[in-house]
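Participant: Supplied structure: coords_37.csv, CSV, C-alpha atoms and all ligand atoms.
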```csv
chain,number,residue,atom,x,y,z
A,67,MET,CA,20.7,-27.6,27.9
A,68,PRO,CA,19.9,-31.1,26.5
A,69,THR,CA,19.4,-33.7,29.2
A,70,ASP,CA,18.5,-37.4,29.3
A,71,ARG,CA,16.9,-37.0,32.7
A,72,ALA,CA,13.1,-36.6,33.0
A,73,ASP,CA,12.0,-33.3,34.5
A,74,PRO,CA,10.4,-34.3,37.9
A,75,GLU,CA,8.3,-31.1,37.9
A,76,PRO,CA,7.3,-30.4,34.3
A,77,LEU,CA,4.6,-27.9,35.2
A,78,THR,CA,6.6,-25.9,37.8
A,79,PRO,CA,7.5,-22.5,36.4
A,80,TYR,CA,11.0,-21.3,36.6
A,81,GLN,CA,11.5,-20.0,40.2
A,82,TYR,CA,13.9,-17.1,39.8
A,83,PRO,CA,13.6,-13.7,38.1
A,84,ASN,CA,15.2,-13.1,34.7
A,85,PRO,CA,18.6,-11.4,34.7
A,86,PRO,CA,18.2,-7.7,35.8
A,87,GLU,CA,19.8,-6.6,32.4
A,88,ALA,CA,17.2,-8.5,30.4
A,89,LEU,CA,14.8,-6.2,28.4
A,90,PRO,CA,11.1,-6.4,28.9
A,91,GLU,CA,9.1,-8.5,26.5
A,92,ILE,CA,6.7,-7.1,23.9
A,93,VAL,CA,3.2,-8.6,23.6
A,94,ILE,CA,0.9,-7.3,20.9
A,95,PRO,CA,-2.5,-9.0,20.9
A,96,ASN,CA,-3.7,-7.6,17.6
A,97,ALA,CA,-0.6,-7.6,15.5
A,98,ILE,CA,-2.6,-7.1,12.3
A,99,PRO,CA,-4.4,-3.9,13.5
A,100,THR,CA,-7.9,-2.8,12.8
A,101,ASP,CA,-6.9,0.7,13.9
A,102,GLU,CA,-5.7,2.3,10.7
A,103,ARG,CA,-3.5,4.8,12.6
A,104,LEU,CA,-1.1,2.0,13.4
A,105,TRP,CA,-0.1,1.6,9.7
A,106,VAL,CA,2.8,4.0,9.0
A,107,PRO,CA,2.8,5.2,5.4
A,108,GLN,CA,6.0,4.4,3.6
A,109,ALA,CA,5.2,5.1,-0.1
A,110,GLU,CA,2.2,5.2,-2.4
A,111,ASN,CA,0.1,2.1,-1.5
A,112,VAL,CA,2.8,0.9,0.9
A,113,TRP,CA,2.6,0.9,4.8
A,114,PHE,CA,4.4,-0.8,7.6
A,115,ARG,CA,3.2,-1.8,11.1
A,116,PRO,CA,6.0,-1.8,13.7
A,117,LEU,CA,6.2,-4.8,16.0
A,118,CYS,CA,9.7,-4.7,17.4
A,119,LEU,CA,12.1,-1.9,16.6
A,120,ASN,CA,15.4,-3.3,17.8
A,121,ALA,CA,17.7,-0.4,18.3
A,122,SER,CA,20.1,-2.5,20.5
A,123,GLN,CA,20.8,-5.0,17.7
A,124,GLY,CA,19.9,-3.0,14.6
A,125,TYR,CA,16.9,-4.8,13.1
A,126,TRP,CA,13.2,-4.4,12.9
A,127,MET,CA,10.2,-6.7,12.8
A,128,ASN,CA,7.2,-5.4,11.0
A,129,LEU,CA,4.2,-6.1,8.8
A,130,LEU,CA,4.5,-4.7,5.4
A,131,ARG,CA,1.1,-3.9,3.7
A,132,VAL,CA,0.9,-3.2,0.0
A,133,ARG,CA,-2.3,-2.5,-1.9
A,134,LYS,CA,-2.7,-3.2,-5.6
A,135,SER,CA,0.0,-2.1,-7.9
A,136,GLY,CA,2.2,-1.0,-5.0
A,137,VAL,CA,6.0,-1.2,-5.3
A,138,LEU,CA,8.6,-1.2,-2.6
A,139,SER,CA,11.5,0.5,-4.3
A,140,ARG,CA,14.6,-1.3,-5.4
A,141,HIS,CA,17.0,-1.9,-2.6
A,142,ARG,CA,20.0,-3.9,-1.5
A,143,HIS,CA,20.3,-5.9,1.7
A,144,PRO,CA,23.8,-6.3,3.3
A,145,GLN,CA,22.2,-8.6,5.9
A,146,ALA,CA,19.6,-11.4,5.8
A,147,VAL,CA,15.9,-10.8,5.7
A,148,HIS,CA,13.2,-13.3,6.7
A,149,GLY,CA,9.6,-13.0,5.5
A,150,PHE,CA,6.3,-14.8,6.1
A,151,VAL,CA,3.4,-14.0,3.8
A,152,LEU,CA,0.2,-13.5,5.8
A,153,LYS,CA,-2.1,-12.3,3.0
A,154,GLY,CA,-2.0,-11.9,-0.8
A,155,ARG,CA,1.0,-12.5,-3.0
A,156,TRP,CA,3.9,-10.6,-4.4
A,157,LYS,CA,7.1,-11.0,-6.4
A,158,TYR,CA,10.5,-9.4,-6.8
A,159,LEU,CA,11.0,-8.0,-10.3
A,160,GLU,CA,14.4,-9.7,-10.2
A,161,HIS,CA,13.1,-13.3,-9.6
A,162,ASP,CA,10.6,-15.6,-11.4
A,163,TRP,CA,9.1,-17.0,-8.2
A,164,TRP,CA,6.0,-15.7,-6.3
A,165,ALA,CA,5.7,-15.3,-2.6
A,166,GLU,CA,2.3,-16.6,-1.8
A,167,GLU,CA,0.0,-16.5,1.3
A,168,GLY,CA,1.4,-18.9,3.9
A,169,GLY,CA,4.8,-18.9,2.3
A,170,TYR,CA,8.2,-18.2,3.8
A,171,VAL,CA,11.1,-16.3,2.2
A,172,PHE,CA,14.8,-16.0,3.1
A,173,GLU,CA,16.6,-13.1,1.4
A,174,PRO,CA,20.4,-13.6,1.6
A,175,PRO,CA,22.9,-10.9,2.2
A,176,GLY,CA,23.9,-9.3,-1.1
A,177,GLU,CA,20.4,-9.4,-2.6
A,178,THR,CA,19.1,-6.4,-4.5
A,179,HIS,CA,15.4,-6.5,-5.4
A,180,THR,CA,12.2,-4.6,-6.0
A,181,LEU,CA,9.0,-5.8,-4.4
A,182,TYR,CA,6.0,-5.7,-6.6
A,183,VAL,CA,2.3,-6.4,-5.9
A,184,PRO,CA,0.1,-6.8,-9.0
A,185,GLU,CA,-3.1,-5.1,-9.8
A,186,ASP,CA,-5.3,-8.2,-9.1
A,187,VAL,CA,-4.1,-8.4,-5.4
A,188,GLN,CA,-6.3,-6.0,-3.4
A,189,GLU,CA,-4.0,-6.3,-0.3
A,190,MET,CA,-0.9,-8.1,0.7
A,191,ILE,CA,0.5,-8.3,4.2
A,192,THR,CA,3.9,-9.9,4.9
A,193,TYR,CA,5.7,-10.2,8.3
A,194,PHE,CA,9.4,-9.2,7.7
A,195,GLN,CA,12.5,-9.3,9.8
A,196,VAL,CA,14.9,-6.8,8.3
A,197,ASN,CA,18.4,-6.7,9.6
A,198,GLY,CA,20.8,-3.7,9.3
A,199,VAL,CA,19.8,-1.5,6.4
A,200,MET,CA,17.7,-1.3,3.3
A,201,TYR,CA,20.0,0.5,0.8
A,202,TYR,CA,17.9,2.0,-2.0
A,203,THR,CA,19.6,2.1,-5.4
A,204,ASP,CA,19.0,3.0,-9.0
A,205,PRO,CA,18.9,0.0,-11.5
A,206,TYR,CA,22.7,0.0,-11.6
A,207,GLY,CA,23.4,0.0,-7.9
A,208,LYS,CA,24.0,3.7,-7.3
A,209,GLY,CA,22.9,4.6,-3.8
A,210,MET,CA,19.7,6.7,-3.5
A,211,GLY,CA,19.1,6.5,0.3
A,212,TYR,CA,18.7,4.0,3.1
A,213,GLU,CA,16.5,2.9,5.9
A,214,ASP,CA,17.6,1.4,9.2
A,215,VAL,CA,15.9,0.9,12.6
A,216,PHE,CA,16.5,4.5,13.5
A,217,THR,CA,14.9,6.0,10.4
A,218,LYS,CA,12.0,3.6,11.0
A,219,ILE,CA,11.7,4.8,14.6
A,220,ASP,CA,11.7,8.4,13.3
A,221,MET,CA,9.0,7.7,10.7
A,222,CYS,CA,6.8,6.1,13.4
A,223,ARG,CA,7.3,8.9,15.8
A,224,LYS,CA,6.3,11.5,13.2
A,225,HIS,CA,3.3,9.5,12.0
A,226,PHE,CA,2.0,8.6,15.5
A,227,GLU,CA,2.2,12.3,16.4
A,228,GLU,CA,0.3,13.3,13.3
A,229,VAL,CA,-2.5,10.9,13.8
A,230,GLY,CA,-2.9,11.9,17.5
A,231,LEU,CA,-1.4,8.9,19.2
A,232,SER,CA,1.6,11.0,20.4
A,233,ALA,CA,5.2,10.6,19.4
A,234,ASP,CA,5.9,8.5,22.5
A,235,TYR,CA,3.6,5.8,21.2
A,236,VAL,CA,6.5,4.3,19.3
A,237,LYS,CA,8.5,3.6,22.5
A,238,GLN,CA,6.6,0.4,23.3
A,239,PHE,CA,8.1,-1.2,20.2
A,240,ILE,CA,11.7,-0.2,20.9
A,241,ARG,CA,14.2,-2.6,22.5
B,1,FE,FE,14.0,-6.4,0.6
```
Using the file provided, produce a representation of the structure as structure tokens.
Ligand SMILES: [Fe+2]

Facilitator:
Amino acid sequence: MPTDRADPEPLTPYQYPNPPEALPEIVIPNAIPTDERLWVPQAENVWFRPLCLNASQGYWMNLLRVRKSGVLSRHRHPQAVHGFVLKGRWKYLEHDWWAEEGGYVFEPPGETHTLYVPEDVQEMITYFQVNGVMYYTDPYGKGMGYEDVFTKIDMCRKHFEEVGLSADYVKQFIR
């Protein structure tokens, strides 16, 4: 709440508990992991690292990692996506611009695109918030499958089990 009064106790923490219905926070010290097992394979040369799999609101926060000549298949977004490039660069085949290291991207609802990482980029990592679904299509918009927060949770569960972290390892990322 905006106020024009100075706070008489600026360094006093809030004195009450959060609402009992509030979900626990997620704190991940090494968001870009050195443990290779935390990267969930998605396609050839494409992985994601879950940070928050928000089942209660239907979105997911993740790092997408693509190594040279990797492609994230053509898909449509019915809801907005936010991206922040942490490493490397990439482009959408449908646009002229490049997403470069340190850059921010907003993808509006209705956008269909194909994410491409060129041969000369050894590795790109981008932090993405993806809302709703990624609806995979052929070049003419015909549906070929989808991903949502629940398919992402399922992929993580299977992968973490396979690499010996246990299926339950995904639970810490779910809210
Ligand atoms: Fe996308």

Participant: Find the nearest atom pair between each residue of chain A and ligand FE 1 (chain B) for residues within 9 Å, count only C-alpha atoms and all ligand atoms, give distances in Å to one decimal, sort rows by chain and ascending number, and present the table as a tab-separated table.

Facilitator:
```
residue	atom	partner	partner_atom	distance
A:Leu138	CA	B:FE1	FE	8.2
A:Ser139	CA	B:FE1	FE	8.8
A:Arg140	CA	B:FE1	FE	7.9
A:His141	CA	B:FE1	FE	6.3
A:Arg142	CA	B:FE1	FE	6.8
A:His143	CA	B:FE1	FE	6.4
A:Val147	CA	B:FE1	FE	7.0
A:Tyr158	CA	B:FE1	FE	8.7
A:Glu173	CA	B:FE1	FE	7.2
A:Glu177	CA	B:FE1	FE	7.8
A:Thr178	CA	B:FE1	FE	7.2
A:His179	CA	B:FE1	FE	6.2
A:Thr180	CA	B:FE1	FE	7.1
A:Leu181	CA	B:FE1	FE	7.1
A:Phe194	CA	B:FE1	FE	8.9
A:Val196	CA	B:FE1	FE	7.8
A:Met200	CA	B:FE1	FE	6.9
```

Participant: Selected residues, C-alpha atoms, written as a PDB file, in the frame of the given file, please.

Facilitator:
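Okay, again14.pdb is ready:
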```
ATOM      1  CA  LEU A 138       8.600  -1.200  -2.600  1.00  0.00           C
ATOM      2  CA  SER A 139      11.500   0.500  -4.300  1.00  0.00           C
ATOM      3  CA  ARG A 140      14.600  -1.300  -5.400  1.00  0.00           C
ATOM      4  CA  HIS A 141      17.000  -1.900  -2.600  1.00  0.00           C
ATOM      5  CA  ARG A 142      20.000  -3.900  -1.500  1.00  0.00           C
ATOM      6  CA  HIS A 143      20.300  -5.900   1.700  1.00  0.00           C
ATOM      7  CA  VAL A 147      15.900 -10.800   5.700  1.00  0.00           C
ATOM      8  CA  TYR A 158      10.500  -9.400  -6.800  1.00  0.00           C
ATOM      9  CA  GLU A 173      16.600 -13.100   1.400  1.00  0.00           C
ATOM     10  CA  GLU A 177      20.400  -9.400  -2.600  1.00  0.00           C
ATOM     11  CA  THR A 178      19.100  -6.400  -4.500  1.00  0.00           C
ATOM     12  CA  HIS A 179      15.400  -6.500  -5.400  1.00  0.00           C
ATOM     13  CA  THR A 180      12.200  -4.600  -6.000  1.00  0.00           C
ATOM     14  CA  LEU A 181       9.000  -5.800  -4.400  1.00  0.00           C
ATOM     15  CA  PHE A 194       9.400  -9.200   7.700  1.00  0.00           C
ATOM     16  CA  VAL A 196      14.900  -6.800   8.300  1.00  0.00           C
ATOM     17  CA  MET A 200      17.700  -1.300   3.300  1.00  0.00           C
TER      18      MET A 200
END
```

Participant: Which one of A:Val215, A:Val199, A:Met210, A:Leu77 sits closest to A:Gln145 if you count only C-alpha atoms?

Facilitator: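 Ranked by minimum distance to A:Gln145, first place goes to A:Val199.
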
Participant: Would you list the contacts of stretch 107-109 of chain A as a count of residues only, taking every protein, DNA or RNA residue within 10 Å and counting only C-alpha atoms, but skipping same-chain residues closer than 2 positions in sequence?

Facilitator: 19

Participant: Distance atom CA of A:Leu89-atom CA of A:Arg241, one decimal place?

Facilitator: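 That distance, rounded to one decimal, is 6.9 Å.
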
Participant: Distance atom CA of A:Asp186-atom CA of A:Asp204, one decimal place?

Facilitator: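 Rounded to one decimal, the two atoms are 26.8 Å apart.
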
Participant: Tell me, in Å to one decimal, how far atom CA of A:Val236 is from atom CA of A:Gln195.

Facilitator: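 For atom CA of A:Val236 relative to atom CA of A:Gln195, the distance reads 17.6 Å.
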
Participant: Measuring between all atoms listed in the file, which one of A:Met190, A:Val183, A:Ile240, A:Leu159 shows the shortest distance to A:Leu117?

Facilitator: A:Ile240

Participant: Mind checking which residues fall within 9 Å of A:Phe216, counting all atoms listed in the file, ignoring those fewer than 3 positions away in the same chain, and posting them as a PDB file with C-alpha atoms, in the frame of the given file?

Facilitator:
```pdb
ATOM      1  CA  LEU A 119      12.100  -1.900  16.600  1.00  0.00           C
ATOM      2  CA  ASN A 120      15.400  -3.300  17.800  1.00  0.00           C
ATOM      3  CA  ALA A 121      17.700  -0.400  18.300  1.00  0.00           C
ATOM      4  CA  GLY A 124      19.900  -3.000  14.600  1.00  0.00           C
ATOM      5  CA  GLU A 213      16.500   2.900   5.900  1.00  0.00           C
ATOM      6  CA  ILE A 219      11.700   4.800  14.600  1.00  0.00           C
ATOM      7  CA  ASP A 220      11.700   8.400  13.300  1.00  0.00           C
ATOM      8  CA  MET A 221       9.000   7.700  10.700  1.00  0.00           C
TER       9      MET A 221
END
```

Participant: Taking all atoms listed in the file into account, name the residue in A:Leu231, A:Tyr202, A:Ile94, A:Thr217 that is nearest to A:Tyr125.

Facilitator: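 Smallest distance to A:Tyr125 is found for A:Thr217.
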
Participant: So that I can see what lies close to A:Trp164, please list as a list in words the residues with an atom at most 12 Å from it, counting only C-alpha atoms and leaving out residues fewer than 2 positions away in the same chain.

Facilitator: Val151, Gly154, Arg155, Trp156, Lys157, Tyr158, Leu159, Glu160, His161, Asp162, Glu166, Glu167, Gly168, Gly169, Tyr170, Val171, Leu181, Tyr182, Val183 and Pro184 of chain A

Participant: Which one is closest to A:Gln123: A:Gln81, A:Asn197, A:Ser232, A:Thr203? Count only C-alpha atoms.

Facilitator: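 That would be A:Asn197, the residue with the smallest distance to A:Gln123.
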
Participant: For a quick check of understanding, using all atoms listed in the file, which of A:Cys118, A:Pro174, A:Ile92, A:Ala165 has the smallest distance to A:Pro144?

Facilitator: A:Pro174
